[in-house]
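Chemist: Dumping the structure here so I can ask a few things about it.
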Amino acid sequence: MGTPLNPVQQTLRRNMTETNPLTAKRCVPCEGGIPPLAPAAVAELRRSIHADWQLSGDGKWILREFRFPGYARTIGFVNALAWIAESEGHHPDLEVNYGRVLVKWSTHAVDGLTENDFICAAKVDQLVSDLG
């Protein structure tokens, strides 16, 4: 049955289905054996996420830096992002510093990008929007 959602998690889940169509999707488990997204598909999906998401030079990652006023707000964001990652079964690489978080999405099993990375990026975009 799982652990009940707290009020913040309930709000996040409800809000994530109201704007970007990617936020209504769920990640699909990936064990490899499929190719990463083609550059044209990556370009199309990038239009569905915030413009601050950058594509790595090798095309295997999308990354975005977030800045916050203070440590507590930074860690609050990291905790909410961790809840998204656990809910989706898809986990980013994070670099966490005082007032700054670098989020990097990639699907390690295919050594590149899949739709899962864009689903999670869209959900992080919604989280940031909800946090104001």
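Identifiers for the structure tokens are assigned positionally: chains receive A, B, ... in sequence, residues are indexed from 1 per chain, and ligands are indexed from 1 in the order shown.
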Might you pull out every residue within 10 Å of segment 20-34 of chain A, with only C-alpha atoms counted and same-chain residues fewer than 2 positions away left off, and present them as a PDB file with N, CA and C atoms, in the first residue's frame?

Modeler:
```
ATOM      1  N   ARG A  13       1.706  16.297  -5.961  1.00  0.00           N
ATOM      2  CA  ARG A  13       1.146  15.306  -6.881  1.00  0.00           C
ATOM      3  C   ARG A  13      -0.037  15.893  -7.652  1.00  0.00           C
ATOM      4  N   ARG A  14      -0.921  16.626  -6.966  1.00  0.00           N
ATOM      5  CA  ARG A  14      -2.081  17.223  -7.623  1.00  0.00           C
ATOM      6  C   ARG A  14      -1.634  18.267  -8.648  1.00  0.00           C
ATOM      7  N   ASN A  15      -0.713  19.147  -8.274  1.00  0.00           N
ATOM      8  CA  ASN A  15      -0.282  20.217  -9.166  1.00  0.00           C
ATOM      9  C   ASN A  15       0.488  19.696 -10.373  1.00  0.00           C
ATOM     10  N   MET A  16       1.163  18.565 -10.244  1.00  0.00           N
ATOM     11  CA  MET A  16       1.987  18.052 -11.328  1.00  0.00           C
ATOM     12  C   MET A  16       1.171  17.510 -12.488  1.00  0.00           C
ATOM     13  N   THR A  17      -0.113  17.396 -12.325  1.00  0.00           N
ATOM     14  CA  THR A  17      -0.937  16.901 -13.435  1.00  0.00           C
ATOM     15  C   THR A  17      -1.715  18.027 -14.101  1.00  0.00           C
ATOM     16  N   GLU A  18      -1.508  19.265 -13.666  1.00  0.00           N
ATOM     17  CA  GLU A  18      -2.357  20.354 -14.122  1.00  0.00           C
ATOM     18  C   GLU A  18      -1.758  21.229 -15.215  1.00  0.00           C
ATOM     19  N   PRO A  36      19.184   5.152 -26.644  1.00  0.00           N
ATOM     20  CA  PRO A  36      18.791   6.462 -26.117  1.00  0.00           C
ATOM     21  C   PRO A  36      18.003   7.217 -27.183  1.00  0.00           C
ATOM     22  N   LEU A  37      17.372   8.296 -26.769  1.00  0.00           N
ATOM     23  CA  LEU A  37      16.602   9.102 -27.704  1.00  0.00           C
ATOM     24  C   LEU A  37      17.490   9.664 -28.809  1.00  0.00           C
ATOM     25  N   LEU A  45      11.437  17.088 -27.083  1.00  0.00           N
ATOM     26  CA  LEU A  45      11.125  17.031 -25.651  1.00  0.00           C
ATOM     27  C   LEU A  45      11.675  18.232 -24.898  1.00  0.00           C
ATOM     28  N   SER A  48       9.393  21.005 -24.090  1.00  0.00           N
ATOM     29  CA  SER A  48       8.386  20.782 -23.045  1.00  0.00           C
ATOM     30  C   SER A  48       8.896  21.079 -21.643  1.00  0.00           C
ATOM     31  N   ILE A  49      10.173  21.421 -21.524  1.00  0.00           N
ATOM     32  CA  ILE A  49      10.735  21.722 -20.202  1.00  0.00           C
ATOM     33  C   ILE A  49      11.272  23.152 -20.194  1.00  0.00           C
ATOM     34  N   ALA A  85      11.908  11.729  -7.308  1.00  0.00           N
ATOM     35  CA  ALA A  85      12.773  10.679  -7.851  1.00  0.00           C
ATOM     36  C   ALA A  85      12.354   9.301  -7.336  1.00  0.00           C
ATOM     37  N   SER A  87       9.388   8.456  -6.198  1.00  0.00           N
ATOM     38  CA  SER A  87       8.065   8.145  -6.736  1.00  0.00           C
ATOM     39  C   SER A  87       8.144   7.634  -8.166  1.00  0.00           C
ATOM     40  N   GLU A  88       9.107   8.152  -8.917  1.00  0.00           N
ATOM     41  CA  GLU A  88       9.259   7.767 -10.322  1.00  0.00           C
ATOM     42  C   GLU A  88      10.225   6.602 -10.517  1.00  0.00           C
ATOM     43  N   GLY A  89      10.999   6.262  -9.508  1.00  0.00           N
ATOM     44  CA  GLY A  89      12.002   5.216  -9.674  1.00  0.00           C
ATOM     45  C   GLY A  89      13.103   5.628 -10.640  1.00  0.00           C
ATOM     46  N   HIS A  90      13.356   6.931 -10.718  1.00  0.00           N
ATOM     47  CA  HIS A  90      14.367   7.479 -11.633  1.00  0.00           C
ATOM     48  C   HIS A  90      15.093   8.583 -10.872  1.00  0.00           C
ATOM     49  N   THR A 107      19.704   8.592 -18.310  1.00  0.00           N
ATOM     50  CA  THR A 107      19.320   7.206 -18.042  1.00  0.00           C
ATOM     51  C   THR A 107      20.569   6.352 -18.208  1.00  0.00           C
ATOM     52  N   HIS A 108      21.162   5.987 -17.089  1.00  0.00           N
ATOM     53  CA  HIS A 108      22.440   5.278 -17.097  1.00  0.00           C
ATOM     54  C   HIS A 108      22.361   3.949 -17.843  1.00  0.00           C
ATOM     55  N   ALA A 109      21.215   3.280 -17.775  1.00  0.00           N
ATOM     56  CA  ALA A 109      21.080   1.964 -18.405  1.00  0.00           C
ATOM     57  C   ALA A 109      21.219   2.018 -19.923  1.00  0.00           C
ATOM     58  N   VAL A 110      20.968   3.206 -20.525  1.00  0.00           N
ATOM     59  CA  VAL A 110      21.115   3.331 -21.979  1.00  0.00           C
ATOM     60  C   VAL A 110      22.244   4.283 -22.345  1.00  0.00           C
ATOM     61  N   ASP A 111      22.941   4.799 -21.328  1.00  0.00           N
ATOM     62  CA  ASP A 111      24.047   5.732 -21.541  1.00  0.00           C
ATOM     63  C   ASP A 111      23.604   6.933 -22.372  1.00  0.00           C
ATOM     64  N   THR A 114      16.380   9.329 -22.096  1.00  0.00           N
ATOM     65  CA  THR A 114      15.108   8.700 -22.427  1.00  0.00           C
ATOM     66  C   THR A 114      14.001   9.674 -22.027  1.00  0.00           C
ATOM     67  N   GLU A 115      12.780   9.331 -22.361  1.00  0.00           N
ATOM     68  CA  GLU A 115      11.664  10.189 -21.972  1.00  0.00           C
ATOM     69  C   GLU A 115      11.610  10.350 -20.453  1.00  0.00           C
ATOM     70  N   ASN A 116      12.053   9.349 -19.703  1.00  0.00           N
ATOM     71  CA  ASN A 116      12.049   9.439 -18.243  1.00  0.00           C
ATOM     72  C   ASN A 116      12.760  10.693 -17.749  1.00  0.00           C
ATOM     73  N   ASP A 117      13.866  11.039 -18.387  1.00  0.00           N
ATOM     74  CA  ASP A 117      14.635  12.211 -17.958  1.00  0.00           C
ATOM     75  C   ASP A 117      13.818  13.485 -18.123  1.00  0.00           C
ATOM     76  N   PHE A 118      13.057  13.569 -19.183  1.00  0.00           N
ATOM     77  CA  PHE A 118      12.247  14.753 -19.449  1.00  0.00           C
ATOM     78  C   PHE A 118      10.995  14.789 -18.579  1.00  0.00           C
ATOM     79  N   ILE A 119      10.431  13.622 -18.290  1.00  0.00           N
ATOM     80  CA  ILE A 119       9.305  13.555 -17.353  1.00  0.00           C
ATOM     81  C   ILE A 119       9.744  14.113 -16.001  1.00  0.00           C
ATOM     82  N   CYS A 120      10.878  13.666 -15.525  1.00  0.00           N
ATOM     83  CA  CYS A 120      11.363  14.118 -14.217  1.00  0.00           C
ATOM     84  C   CYS A 120      11.757  15.594 -14.238  1.00  0.00           C
ATOM     85  N   ALA A 121      12.381  16.047 -15.310  1.00  0.00           N
ATOM     86  CA  ALA A 121      12.724  17.471 -15.421  1.00  0.00           C
ATOM     87  C   ALA A 121      11.461  18.324 -15.379  1.00  0.00           C
ATOM     88  N   ALA A 122      10.410  17.898 -16.071  1.00  0.00           N
ATOM     89  CA  ALA A 122       9.146  18.638 -16.058  1.00  0.00           C
ATOM     90  C   ALA A 122       8.551  18.670 -14.652  1.00  0.00           C
ATOM     91  N   LYS A 123       8.680  17.573 -13.928  1.00  0.00           N
ATOM     92  CA  LYS A 123       8.148  17.532 -12.562  1.00  0.00           C
ATOM     93  C   LYS A 123       8.972  18.432 -11.640  1.00  0.00           C
ATOM     94  N   VAL A 124      10.253  18.525 -11.860  1.00  0.00           N
ATOM     95  CA  VAL A 124      11.090  19.449 -11.090  1.00  0.00           C
ATOM     96  C   VAL A 124      10.714  20.896 -11.446  1.00  0.00           C
ATOM     97  N   ASP A 125      10.473  21.173 -12.718  1.00  0.00           N
ATOM     98  CA  ASP A 125      10.016  22.500 -13.114  1.00  0.00           C
ATOM     99  C   ASP A 125       8.738  22.870 -12.363  1.00  0.00           C
ATOM    100  N   GLN A 126       7.791  21.939 -12.284  1.00  0.00           N
ATOM    101  CA  GLN A 126       6.542  22.204 -11.575  1.00  0.00           C
ATOM    102  C   GLN A 126       6.798  22.420 -10.090  1.00  0.00           C
TER     103      GLN A 126
END
```

Chemist: Which residues are close to segment 52-69 of chain A, i.e. within 7 Å by only C-alpha atoms, leaving aside same-chain residues fewer than 4 positions away? Reply as a ChimeraX atom specification.

Modeler: /A:73-74,99-106,111-113

Chemist: Could the residues in this selection be written to a file with N, CA and C atoms, as a compact mmCIF listing (two decimals), in the first residue's frame?

Modeler:
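Result file part.txt:
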```txt
# COMPACT_ATOMS: atom_id res chain seq x y z
N ARG A 73 16.23 26.25 2.65
CA ARG A 73 15.45 26.23 1.41
C ARG A 73 16.09 25.28 0.39
N THR A 74 17.42 25.28 0.36
CA THR A 74 18.15 24.39 -0.54
C THR A 74 17.83 22.93 -0.22
N GLY A 99 22.88 27.03 -0.87
CA GLY A 99 22.14 27.91 -1.75
C GLY A 99 22.14 27.51 -3.22
N ARG A 100 22.66 26.33 -3.54
CA ARG A 100 22.77 25.94 -4.96
C ARG A 100 22.62 24.43 -5.10
N VAL A 101 21.86 24.02 -6.13
CA VAL A 101 21.73 22.60 -6.47
C VAL A 101 21.87 22.47 -7.98
N LEU A 102 22.74 21.58 -8.42
CA LEU A 102 22.86 21.23 -9.83
C LEU A 102 22.21 19.86 -10.00
N VAL A 103 21.19 19.80 -10.87
CA VAL A 103 20.45 18.58 -11.12
C VAL A 103 20.82 18.09 -12.52
N LYS A 104 21.20 16.82 -12.61
CA LYS A 104 21.57 16.22 -13.89
C LYS A 104 20.76 14.94 -14.09
N TRP A 105 19.99 14.90 -15.18
CA TRP A 105 19.21 13.72 -15.51
C TRP A 105 19.84 13.00 -16.70
N SER A 106 19.92 11.70 -16.60
CA SER A 106 20.36 10.82 -17.67
C SER A 106 19.87 9.43 -17.32
N ASP A 111 22.94 4.80 -21.33
CA ASP A 111 24.05 5.73 -21.54
C ASP A 111 23.60 6.93 -22.37
N GLY A 112 22.47 7.48 -21.99
CA GLY A 112 21.94 8.64 -22.70
C GLY A 112 20.59 9.04 -22.15
N LEU A 113 19.84 9.77 -22.94
CA LEU A 113 18.55 10.30 -22.52
C LEU A 113 17.39 9.42 -22.97
```

Chemist: Report the distance between atom CA of Arg46 of chain A and atom CA of Leu81 of chain A in Å, rounded to one decimal place.

Modeler: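 One can read the atom CA of Arg46 of chain A to atom CA of Leu81 of chain A distance as 19.5 Å.
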
Chemist: In Å to one decimal, how far is atom CA of Ser129 of chain A from atom CA of Glu44 of chain A?

Modeler: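 Computed distance, atom CA of Glu44 of chain A to atom CA of Ser129 of chain A, equals 21.9 Å.
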
Chemist: Mind the document's chain letters and residue numbers, and return as a PDB file with N, CA and C atoms, in the first residue's frame the residues of segment 7-91 of chain A that DSSP labels alpha helix (DSSP H).

Modeler:
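The file below, out.pdb, is the result:
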```pdb
ATOM      1  N   PRO A   7       0.746  16.415   3.477  1.00  0.00           N
ATOM      2  CA  PRO A   7       0.040  17.464   2.719  1.00  0.00           C
ATOM      3  C   PRO A   7       0.879  18.099   1.612  1.00  0.00           C
ATOM      4  N   VAL A   8       2.173  18.301   1.819  1.00  0.00           N
ATOM      5  CA  VAL A   8       3.028  18.881   0.775  1.00  0.00           C
ATOM      6  C   VAL A   8       3.100  17.930  -0.415  1.00  0.00           C
ATOM      7  N   GLN A   9       3.302  16.644  -0.147  1.00  0.00           N
ATOM      8  CA  GLN A   9       3.362  15.658  -1.227  1.00  0.00           C
ATOM      9  C   GLN A   9       2.034  15.577  -1.971  1.00  0.00           C
ATOM     10  N   GLN A  10       0.911  15.667  -1.257  1.00  0.00           N
ATOM     11  CA  GLN A  10      -0.398  15.637  -1.899  1.00  0.00           C
ATOM     12  C   GLN A  10      -0.556  16.821  -2.850  1.00  0.00           C
ATOM     13  N   THR A  11      -0.139  18.007  -2.408  1.00  0.00           N
ATOM     14  CA  THR A  11      -0.218  19.200  -3.250  1.00  0.00           C
ATOM     15  C   THR A  11       0.672  19.057  -4.471  1.00  0.00           C
ATOM     16  N   LEU A  12       1.902  18.564  -4.278  1.00  0.00           N
ATOM     17  CA  LEU A  12       2.819  18.380  -5.407  1.00  0.00           C
ATOM     18  C   LEU A  12       2.225  17.417  -6.423  1.00  0.00           C
ATOM     19  N   ARG A  13       1.706  16.297  -5.961  1.00  0.00           N
ATOM     20  CA  ARG A  13       1.146  15.306  -6.881  1.00  0.00           C
ATOM     21  C   ARG A  13      -0.037  15.893  -7.652  1.00  0.00           C
ATOM     22  N   ARG A  14      -0.921  16.626  -6.966  1.00  0.00           N
ATOM     23  CA  ARG A  14      -2.081  17.223  -7.623  1.00  0.00           C
ATOM     24  C   ARG A  14      -1.634  18.267  -8.648  1.00  0.00           C
ATOM     25  N   ASN A  15      -0.713  19.147  -8.274  1.00  0.00           N
ATOM     26  CA  ASN A  15      -0.282  20.217  -9.166  1.00  0.00           C
ATOM     27  C   ASN A  15       0.488  19.696 -10.373  1.00  0.00           C
ATOM     28  N   PRO A  39      18.605  12.579 -31.504  1.00  0.00           N
ATOM     29  CA  PRO A  39      18.689  14.035 -31.323  1.00  0.00           C
ATOM     30  C   PRO A  39      17.380  14.774 -31.642  1.00  0.00           C
ATOM     31  N   ALA A  40      16.659  14.343 -32.664  1.00  0.00           N
ATOM     32  CA  ALA A  40      15.391  15.012 -33.001  1.00  0.00           C
ATOM     33  C   ALA A  40      14.369  14.855 -31.876  1.00  0.00           C
ATOM     34  N   ALA A  41      14.306  13.694 -31.266  1.00  0.00           N
ATOM     35  CA  ALA A  41      13.376  13.463 -30.149  1.00  0.00           C
ATOM     36  C   ALA A  41      13.788  14.279 -28.931  1.00  0.00           C
ATOM     37  N   VAL A  42      15.091  14.370 -28.683  1.00  0.00           N
ATOM     38  CA  VAL A  42      15.592  15.197 -27.583  1.00  0.00           C
ATOM     39  C   VAL A  42      15.186  16.651 -27.811  1.00  0.00           C
ATOM     40  N   ALA A  43      15.384  17.148 -29.025  1.00  0.00           N
ATOM     41  CA  ALA A  43      15.027  18.531 -29.341  1.00  0.00           C
ATOM     42  C   ALA A  43      13.533  18.777 -29.120  1.00  0.00           C
ATOM     43  N   GLU A  44      12.713  17.830 -29.520  1.00  0.00           N
ATOM     44  CA  GLU A  44      11.262  17.969 -29.340  1.00  0.00           C
ATOM     45  C   GLU A  44      10.895  18.000 -27.858  1.00  0.00           C
ATOM     46  N   LEU A  45      11.437  17.088 -27.083  1.00  0.00           N
ATOM     47  CA  LEU A  45      11.125  17.031 -25.651  1.00  0.00           C
ATOM     48  C   LEU A  45      11.675  18.232 -24.898  1.00  0.00           C
ATOM     49  N   ARG A  46      12.772  18.776 -25.349  1.00  0.00           N
ATOM     50  CA  ARG A  46      13.330  19.967 -24.687  1.00  0.00           C
ATOM     51  C   ARG A  46      12.365  21.141 -24.753  1.00  0.00           C
ATOM     52  N   TYR A  71      20.383  27.762   3.318  1.00  0.00           N
ATOM     53  CA  TYR A  71      20.576  26.313   3.391  1.00  0.00           C
ATOM     54  C   TYR A  71      19.267  25.553   3.539  1.00  0.00           C
ATOM     55  N   ALA A  72      18.395  26.016   4.430  1.00  0.00           N
ATOM     56  CA  ALA A  72      17.140  25.286   4.677  1.00  0.00           C
ATOM     57  C   ALA A  72      16.302  25.183   3.411  1.00  0.00           C
ATOM     58  N   ARG A  73      16.229  26.254   2.653  1.00  0.00           N
ATOM     59  CA  ARG A  73      15.448  26.231   1.407  1.00  0.00           C
ATOM     60  C   ARG A  73      16.095  25.280   0.387  1.00  0.00           C
ATOM     61  N   THR A  74      17.424  25.283   0.362  1.00  0.00           N
ATOM     62  CA  THR A  74      18.150  24.387  -0.544  1.00  0.00           C
ATOM     63  C   THR A  74      17.834  22.928  -0.219  1.00  0.00           C
ATOM     64  N   ILE A  75      17.940  22.580   1.043  1.00  0.00           N
ATOM     65  CA  ILE A  75      17.706  21.192   1.456  1.00  0.00           C
ATOM     66  C   ILE A  75      16.233  20.826   1.315  1.00  0.00           C
ATOM     67  N   GLY A  76      15.338  21.773   1.542  1.00  0.00           N
ATOM     68  CA  GLY A  76      13.914  21.515   1.315  1.00  0.00           C
ATOM     69  C   GLY A  76      13.647  21.136  -0.135  1.00  0.00           C
ATOM     70  N   PHE A  77      14.286  21.860  -1.054  1.00  0.00           N
ATOM     71  CA  PHE A  77      14.160  21.536  -2.479  1.00  0.00           C
ATOM     72  C   PHE A  77      14.714  20.148  -2.762  1.00  0.00           C
ATOM     73  N   VAL A  78      15.886  19.849  -2.213  1.00  0.00           N
ATOM     74  CA  VAL A  78      16.504  18.534  -2.429  1.00  0.00           C
ATOM     75  C   VAL A  78      15.589  17.428  -1.907  1.00  0.00           C
ATOM     76  N   ASN A  79      14.997  17.618  -0.756  1.00  0.00           N
ATOM     77  CA  ASN A  79      14.099  16.605  -0.196  1.00  0.00           C
ATOM     78  C   ASN A  79      12.860  16.410  -1.067  1.00  0.00           C
ATOM     79  N   ALA A  80      12.288  17.500  -1.570  1.00  0.00           N
ATOM     80  CA  ALA A  80      11.123  17.384  -2.443  1.00  0.00           C
ATOM     81  C   ALA A  80      11.512  16.710  -3.759  1.00  0.00           C
ATOM     82  N   LEU A  81      12.678  17.049  -4.293  1.00  0.00           N
ATOM     83  CA  LEU A  81      13.165  16.410  -5.515  1.00  0.00           C
ATOM     84  C   LEU A  81      13.401  14.916  -5.269  1.00  0.00           C
ATOM     85  N   ALA A  82      13.924  14.579  -4.105  1.00  0.00           N
ATOM     86  CA  ALA A  82      14.142  13.165  -3.771  1.00  0.00           C
ATOM     87  C   ALA A  82      12.820  12.411  -3.729  1.00  0.00           C
ATOM     88  N   TRP A  83      11.772  13.043  -3.240  1.00  0.00           N
ATOM     89  CA  TRP A  83      10.459  12.402  -3.225  1.00  0.00           C
ATOM     90  C   TRP A  83       9.979  12.137  -4.653  1.00  0.00           C
ATOM     91  N   ILE A  84      10.168  13.109  -5.555  1.00  0.00           N
ATOM     92  CA  ILE A  84       9.809  12.906  -6.962  1.00  0.00           C
ATOM     93  C   ILE A  84      10.596  11.733  -7.533  1.00  0.00           C
ATOM     94  N   ALA A  85      11.908  11.729  -7.308  1.00  0.00           N
ATOM     95  CA  ALA A  85      12.773  10.679  -7.851  1.00  0.00           C
ATOM     96  C   ALA A  85      12.354   9.301  -7.336  1.00  0.00           C
ATOM     97  N   GLU A  86      12.088   9.193  -6.058  1.00  0.00           N
ATOM     98  CA  GLU A  86      11.660   7.915  -5.490  1.00  0.00           C
ATOM     99  C   GLU A  86      10.308   7.495  -6.051  1.00  0.00           C
ATOM    100  N   SER A  87       9.388   8.456  -6.198  1.00  0.00           N
ATOM    101  CA  SER A  87       8.065   8.145  -6.736  1.00  0.00           C
ATOM    102  C   SER A  87       8.144   7.634  -8.166  1.00  0.00           C
ATOM    103  N   GLU A  88       9.107   8.152  -8.917  1.00  0.00           N
ATOM    104  CA  GLU A  88       9.259   7.767 -10.322  1.00  0.00           C
ATOM    105  C   GLU A  88      10.225   6.602 -10.517  1.00  0.00           C
TER     106      GLU A  88
END
```

Chemist: Quick one: DSSP strand (DSSP E) residues in segment 14-129 of chain A, as an MDAnalysis selection string?

Modeler: chainID A and resid 54:55 62:67 93:97 100:105
